[in-house]
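Containing compact mmCIF, C-alpha atoms and all ligand atoms: my_file_33.txt.
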```txt
# COMPACT_ATOMS: atom_id res chain seq x y z
CA MET A 2 0.00 0.00 0.00
CA LYS A 3 1.30 3.40 -0.96
CA THR A 4 0.65 6.42 1.25
CA ILE A 5 0.18 9.99 0.07
CA PHE A 6 0.03 12.69 2.74
CA VAL A 7 -1.82 15.91 1.96
CA LYS A 8 -2.70 19.04 3.90
CA ASP A 9 -6.46 18.97 4.15
CA TYR A 10 -9.78 17.79 2.76
CA ASP A 11 -9.52 19.90 -0.40
CA GLU A 12 -6.08 18.56 -1.25
CA MET A 13 -7.24 15.01 -0.57
CA SER A 14 -10.14 15.55 -2.96
CA LYS A 15 -7.87 17.03 -5.64
CA LYS A 16 -5.38 14.19 -5.37
CA GLY A 17 -8.13 11.56 -5.39
CA PHE A 18 -9.74 13.10 -8.44
CA GLU A 19 -6.37 13.20 -10.27
CA PHE A 20 -6.30 9.39 -10.24
CA MET A 21 -9.80 9.26 -11.69
CA LYS A 22 -9.07 11.88 -14.34
CA GLU A 23 -5.94 10.04 -15.42
CA VAL A 24 -7.97 6.88 -16.02
CA LEU A 25 -10.79 8.75 -17.75
CA GLU A 26 -8.35 10.41 -20.14
CA SER A 27 -6.13 7.43 -20.87
CA LYS A 28 -8.45 4.41 -21.08
CA GLU A 29 -10.61 3.69 -24.04
CA ARG A 30 -13.47 2.35 -21.92
CA PRO A 31 -12.74 3.46 -18.35
CA VAL A 32 -14.55 1.79 -15.46
CA LEU A 33 -14.85 3.63 -12.16
CA SER A 34 -16.42 2.28 -9.00
CA MET A 35 -17.36 4.98 -6.54
CA THR A 36 -18.08 5.27 -2.84
CA THR A 37 -20.46 7.68 -1.06
CA GLY A 38 -20.67 9.55 2.26
CA GLY A 39 -18.90 12.65 3.52
CA THR A 40 -15.42 11.74 2.30
CA PRO A 41 -15.93 11.74 -1.50
CA ARG A 42 -18.20 14.83 -1.74
CA GLY A 43 -15.20 16.99 -2.76
CA VAL A 44 -14.15 14.48 -5.41
CA PHE A 45 -17.68 14.49 -6.84
CA LYS A 46 -17.66 18.31 -6.95
CA LEU A 47 -14.46 18.27 -9.00
CA PHE A 48 -15.82 15.50 -11.19
CA VAL A 49 -18.96 17.52 -11.99
CA GLU A 50 -16.90 20.66 -12.73
CA GLU A 51 -14.60 18.79 -15.10
CA VAL A 52 -17.41 17.03 -16.95
CA GLN A 53 -19.23 20.34 -17.35
CA ASN A 54 -15.97 21.76 -18.72
CA GLY A 55 -15.73 19.04 -21.34
CA LEU A 56 -14.10 15.99 -19.73
CA ASP A 57 -15.33 13.14 -21.92
CA ILE A 58 -17.15 10.38 -20.05
CA SER A 59 -19.16 9.09 -22.99
CA SER A 60 -17.37 5.73 -22.99
CA ALA A 61 -17.08 5.44 -19.21
CA THR A 62 -18.83 2.99 -16.95
CA ILE A 63 -19.60 4.19 -13.43
CA MET A 64 -20.70 1.85 -10.68
CA ASN A 65 -20.70 1.62 -6.90
CA LEU A 66 -19.17 -0.24 -4.04
CA ASP A 67 -22.27 -0.81 -1.98
CA GLU A 68 -25.91 0.08 -1.27
CA TYR A 69 -27.99 0.47 1.86
CA MET A 70 -31.02 -1.79 2.16
CA GLY A 71 -34.14 0.36 2.02
CA PRO A 72 -36.42 2.21 -0.38
CA ARG A 73 -34.51 3.21 -3.53
CA ASP A 74 -35.25 6.92 -3.16
CA ALA A 75 -34.51 7.17 0.59
CA VAL A 76 -32.30 10.14 1.46
CA TYR A 77 -29.42 7.89 2.54
CA THR A 78 -29.18 5.51 -0.41
CA VAL A 79 -26.16 5.30 -2.64
CA ARG A 80 -28.54 5.72 -5.59
CA THR A 81 -29.86 9.04 -4.20
CA PHE A 82 -26.33 10.19 -3.45
CA MET A 83 -25.11 9.36 -6.96
CA TYR A 84 -27.96 11.20 -8.65
CA GLU A 85 -27.77 14.23 -6.33
CA ASN A 86 -23.99 14.54 -6.45
CA LEU A 87 -23.27 13.46 -10.00
CA TYR A 88 -25.80 12.20 -12.50
CA ASN A 89 -28.35 15.04 -12.06
CA LEU A 90 -25.61 17.67 -12.26
CA ILE A 91 -23.93 16.74 -15.53
CA SER A 92 -25.22 17.22 -19.02
CA ALA A 93 -23.06 14.43 -20.50
CA LYS A 94 -23.88 10.89 -19.46
CA PRO A 95 -21.56 7.93 -19.04
CA GLU A 96 -22.03 4.93 -21.29
CA ASN A 97 -23.17 2.78 -18.37
CA ILE A 98 -24.43 3.47 -14.88
CA PHE A 99 -24.67 0.45 -12.61
CA LEU A 100 -26.13 0.51 -9.12
CA ILE A 101 -26.87 -2.19 -6.59
CA ASP A 102 -30.59 -2.48 -5.80
CA GLY A 103 -31.06 -2.00 -2.06
CA ALA A 104 -34.79 -2.64 -2.40
CA ALA A 105 -34.22 -6.12 -3.81
CA GLN A 106 -36.33 -8.78 -2.07
CA ASP A 107 -34.03 -11.58 -3.14
CA THR A 108 -30.57 -10.40 -2.09
CA ASP A 109 -28.82 -13.57 -3.32
CA LYS A 110 -30.19 -12.92 -6.79
CA GLU A 111 -29.15 -9.27 -6.62
CA ILE A 112 -25.63 -10.28 -5.56
CA ALA A 113 -25.42 -12.74 -8.48
CA ARG A 114 -26.63 -10.02 -10.91
CA TYR A 115 -24.08 -7.48 -9.69
CA LYS A 116 -21.23 -10.00 -9.66
CA GLU A 117 -21.89 -10.65 -13.34
CA ILE A 118 -21.56 -6.91 -14.00
CA LEU A 119 -18.27 -6.88 -12.07
CA ASP A 120 -16.99 -9.72 -14.24
CA GLN A 121 -18.08 -7.99 -17.43
CA TYR A 122 -16.63 -4.60 -16.48
CA PRO A 123 -13.22 -4.97 -14.78
CA ARG A 124 -12.73 -1.83 -12.71
CA ASP A 125 -9.83 0.54 -13.31
CA ILE A 126 -10.44 2.28 -10.01
CA GLN A 127 -12.23 1.39 -6.82
CA LEU A 128 -12.67 4.50 -4.66
CA LEU A 129 -13.06 3.93 -0.91
CA GLY A 130 -13.68 5.81 2.33
CA LEU A 131 -12.68 4.64 5.80
CA GLY A 132 -15.09 4.03 8.68
CA THR A 133 -14.16 5.36 12.13
CA ASN A 134 -14.02 1.69 13.21
CA GLY A 135 -11.81 0.81 10.23
CA HIS A 136 -14.59 -0.53 8.02
CA ILE A 137 -14.29 -0.57 4.23
CA GLY A 138 -17.54 -0.60 2.27
CA ALA A 139 -19.67 -2.41 4.82
CA ASN A 140 -16.94 -4.89 5.71
CA GLU A 141 -17.24 -4.25 9.46
CA PRO A 142 -14.74 -5.44 12.11
CA GLY A 143 -14.66 -9.23 12.21
CA THR A 144 -15.35 -9.71 8.49
CA PRO A 145 -12.96 -12.32 7.08
CA PHE A 146 -10.40 -10.97 4.62
CA ASP A 147 -11.63 -13.36 1.92
CA SER A 148 -15.17 -11.90 1.96
CA THR A 149 -17.06 -11.73 -1.34
CA MET A 150 -20.12 -9.56 -2.04
CA PHE A 151 -22.59 -10.07 0.79
CA LEU A 152 -25.43 -8.60 2.86
CA ALA A 153 -23.72 -6.94 5.82
CA GLN A 154 -25.12 -5.81 9.16
CA HIS A 155 -23.85 -2.42 10.27
CA ASP A 156 -22.07 -1.88 13.54
CA GLU A 157 -23.74 0.63 15.85
CA SER A 158 -21.00 3.22 15.19
CA THR A 159 -21.71 2.97 11.45
CA ILE A 160 -25.45 3.44 11.99
CA GLN A 161 -24.67 6.54 14.08
CA SER A 162 -22.37 7.91 11.33
CA THR A 163 -25.08 7.37 8.68
CA MET A 164 -27.65 9.17 10.88
CA LYS A 165 -25.28 12.12 11.23
CA GLU A 166 -24.26 12.23 7.57
CA TYR A 167 -27.85 12.20 6.28
CA GLY A 168 -29.61 13.95 9.20
CA ILE A 169 -31.95 11.03 9.94
CA GLY A 170 -33.25 9.40 13.13
CA ARG A 171 -32.51 5.92 14.46
CA GLU A 172 -35.82 4.46 13.15
CA GLU A 173 -35.13 5.60 9.59
CA ALA A 174 -31.45 4.70 9.54
CA PRO A 175 -30.49 1.64 7.49
CA THR A 176 -28.96 -1.26 9.40
CA GLU A 177 -27.91 -3.44 6.47
CA MET A 178 -26.01 -2.97 3.27
CA LEU A 179 -25.13 -5.00 0.19
CA THR A 180 -21.39 -4.54 -0.17
CA LEU A 181 -18.50 -5.76 -2.23
CA GLY A 182 -16.21 -7.96 -0.15
CA PHE A 183 -12.45 -7.57 0.06
CA THR A 184 -12.08 -10.04 -2.80
CA GLU A 185 -13.95 -7.80 -5.25
CA ILE A 186 -12.52 -4.58 -3.79
CA LEU A 187 -8.96 -5.76 -4.32
CA ALA A 188 -9.76 -7.07 -7.81
CA ALA A 189 -9.88 -3.46 -9.09
CA LYS A 190 -6.71 -2.40 -10.93
CA GLN A 191 -6.23 0.53 -8.54
CA VAL A 192 -7.75 0.98 -5.11
CA ILE A 193 -7.88 4.55 -3.82
CA LEU A 194 -8.70 5.06 -0.16
CA LEU A 195 -9.46 8.63 0.92
CA VAL A 196 -9.21 9.69 4.56
CA SER A 197 -9.77 13.09 6.12
CA GLY A 198 -10.43 14.43 9.60
CA LYS A 199 -9.47 13.97 13.24
CA HIS A 200 -12.33 11.50 13.77
CA LYS A 201 -10.50 9.10 11.43
CA ALA A 202 -7.10 9.40 13.16
CA GLU A 203 -7.49 6.25 15.33
CA ALA A 204 -8.56 4.23 12.29
CA VAL A 205 -5.60 5.53 10.27
CA LYS A 206 -3.21 4.61 13.06
CA ALA A 207 -4.67 1.09 13.19
CA LEU A 208 -4.55 0.87 9.39
CA LEU A 209 -0.86 1.81 9.10
CA GLU A 210 0.69 0.93 12.45
CA GLY A 211 -1.52 -1.72 14.04
CA GLU A 212 -1.62 -5.46 13.55
CA ILE A 213 -3.09 -6.78 10.29
CA THR A 214 -6.35 -8.19 11.58
CA PRO A 215 -10.07 -8.38 10.72
CA ASP A 216 -10.58 -6.28 13.88
CA CYS A 217 -9.49 -3.38 11.66
CA PRO A 218 -10.94 -4.33 8.26
CA ALA A 219 -8.90 -1.73 6.35
CA THR A 220 -5.70 -3.61 7.24
CA ALA A 221 -6.78 -6.12 4.57
CA LEU A 222 -5.39 -3.54 2.13
CA ARG A 223 -2.00 -3.06 3.83
CA ASN A 224 -0.07 -5.55 1.72
CA SER A 225 -1.76 -4.66 -1.53
CA ASP A 226 0.64 -3.26 -4.14
CA HIS A 227 -2.11 -1.49 -6.07
CA THR A 228 -3.71 0.42 -3.20
CA VAL A 229 -3.07 4.10 -2.52
CA VAL A 230 -4.25 5.77 0.66
CA ILE A 231 -4.53 9.56 0.60
CA ILE A 232 -4.47 10.98 4.13
CA ASP A 233 -4.85 14.55 5.34
CA GLU A 234 -2.99 16.07 8.30
CA ASP A 235 -5.84 15.67 10.79
CA ALA A 236 -6.34 12.02 9.91
CA ALA A 237 -2.57 11.43 10.14
CA SER A 238 -2.25 13.22 13.50
CA LEU A 239 -1.83 10.08 15.63
CA LEU A 240 0.78 8.37 13.46
CA GLU A 241 4.07 7.69 15.21
CA LYS A 242 6.34 6.44 12.44
CA GLU A 243 7.99 8.42 9.65
CA TYR A 244 6.56 7.88 6.16
C1 LIG B 301 -20.24 4.34 1.80
C2 LIG B 301 -19.24 3.40 2.32
C3 LIG B 301 -18.65 3.57 3.69
C4 LIG B 301 -17.96 4.94 3.89
C5 LIG B 301 -17.39 5.07 5.30
C6 LIG B 301 -16.84 6.46 5.56
O1 LIG B 301 -20.61 4.00 0.46
O2 LIG B 301 -18.91 2.46 1.67
O3 LIG B 301 -17.72 2.54 3.94
O4 LIG B 301 -16.93 5.09 2.96
O5 LIG B 301 -18.38 4.78 6.24
O6 LIG B 301 -17.94 7.34 5.56
P1 LIG B 301 -17.70 8.92 5.52
O7 LIG B 301 -17.02 9.23 4.27
O8 LIG B 301 -19.11 9.50 5.55
O9 LIG B 301 -16.89 9.26 6.72
```
Could you write out this structure as structure tokens?
Amino acid sequence: MKTIFVKDYDEMSKKGFEFMKEVLESKERPVLSMTTGGTPRGVFKLFVEEVQNGLDISSATIMNLDEYMGPRDAVYTVRTFMYENLYNLISAKPENIFLIDGAAQDTDKEIARYKEILDQYPRDIQLLGLGTNGHIGANEPGTPFDSTMFLAQHDESTIQSTMKEYGIGREEAPTEMLTLGFTEILAAKQVILLVSGKHKAEAVKALLEGEITPDCPATALRNSDHTVVIIDEDAASLLEKEY
């Protein structure tokens, strides 16, 4: 895993977007898999600006890492996030948009459908955020490192983060998510993990300086040679070693 240290949230977003832009400009049929939440909002802003300024995405495929179980148009879904932060804001459209269906009744069938898409469209980039408890996607502490796409139960800290991020109460907050497992996450050609803020500092310390263990899911990425983690000063504030 390669580390890139940046000053703040804006620099993290710029750096993260650079990787995406490079792929969009150099690949004939680029495939990007996105994440949602507070961390990538800055990346999405840059993405929208660039597309509106002429960045060509007509042959791109854009998909997602995960989806909350619940009504498709709920305020917290990945689908809602993607439309509000990207698809509704750009006049050009990508060749393909793929989303996981969090309203699916038969989750096994939905997993099989999405896995086929993953096989058909090998990802150039998998973008990721980091949970305060070290989760990746919805691979919560305790998830085996050989996980494949599954229906995950959220830890309480993740439910609380979702409530805060989307301004919703406990009753409305989703408790389950369909998520790629580590196997699919690491199958992307490049994995870009973005981390910003003091509230992520413990998780960053565990990620870089703790034991490699399912207790900190993100450590599954530590030995990957195609993963880049972009960390801002606040998130790096508890690190003890020199990098
Ligand atoms: C969301 C996702 C989650 C978030 C993580 C960090 O699609 O997969 O793993 O990346 O919970 O969330 P934020 O960015 O809101 O701190």
Let me have all residues with an atom within 10 Å of ligand LIG 301 (chain B), counting only C-alpha atoms and all ligand atoms, laid out as a ChimeraX atom specification. /A:35-42,65-69,77-79,82,128-141,155,158-160,162-163,165-167,178-181,194-198,200-201
A:Gly43, A:Pro31, A:Pro218, A:Gly17: which is nearest Arg124 (chain A), counting only C-alpha atoms?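 Under the stated criterion, the closest residue is A:Pro31.
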Please, what distance in Å, to one decimal, runs between CA of Glu12 (chain A) and CA of Ile232 (chain A)?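 A separation of 9.4 Å between them.
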Would you mind telling me which residue in A:Thr4, A:Asn89, A:Ser60, A:Gln127 lies nearest to Lys190 (chain A) when using only C-alpha atoms?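 That would be A:Gln127, the residue with the smallest distance to Lys190 (chain A).
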Name the closest residue to Val192 (chain A) among the candidates A:Asp125, A:Glu173, A:Glu241, A:Glu96; distances are taken between atoms, counting only C-alpha atoms.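 The closest residue to Val192 (chain A) is A:Asp125.
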State, in Å with one decimal place, the distance from CA of Lys3 (chain A) to CA of Leu222 (chain A). 10.1 Å
Restricting to only C-alpha atoms, whichever of A:Arg223, A:Arg73, A:Lys22, A:Lys116 is closest to Val49 (chain A) is A:Lys22
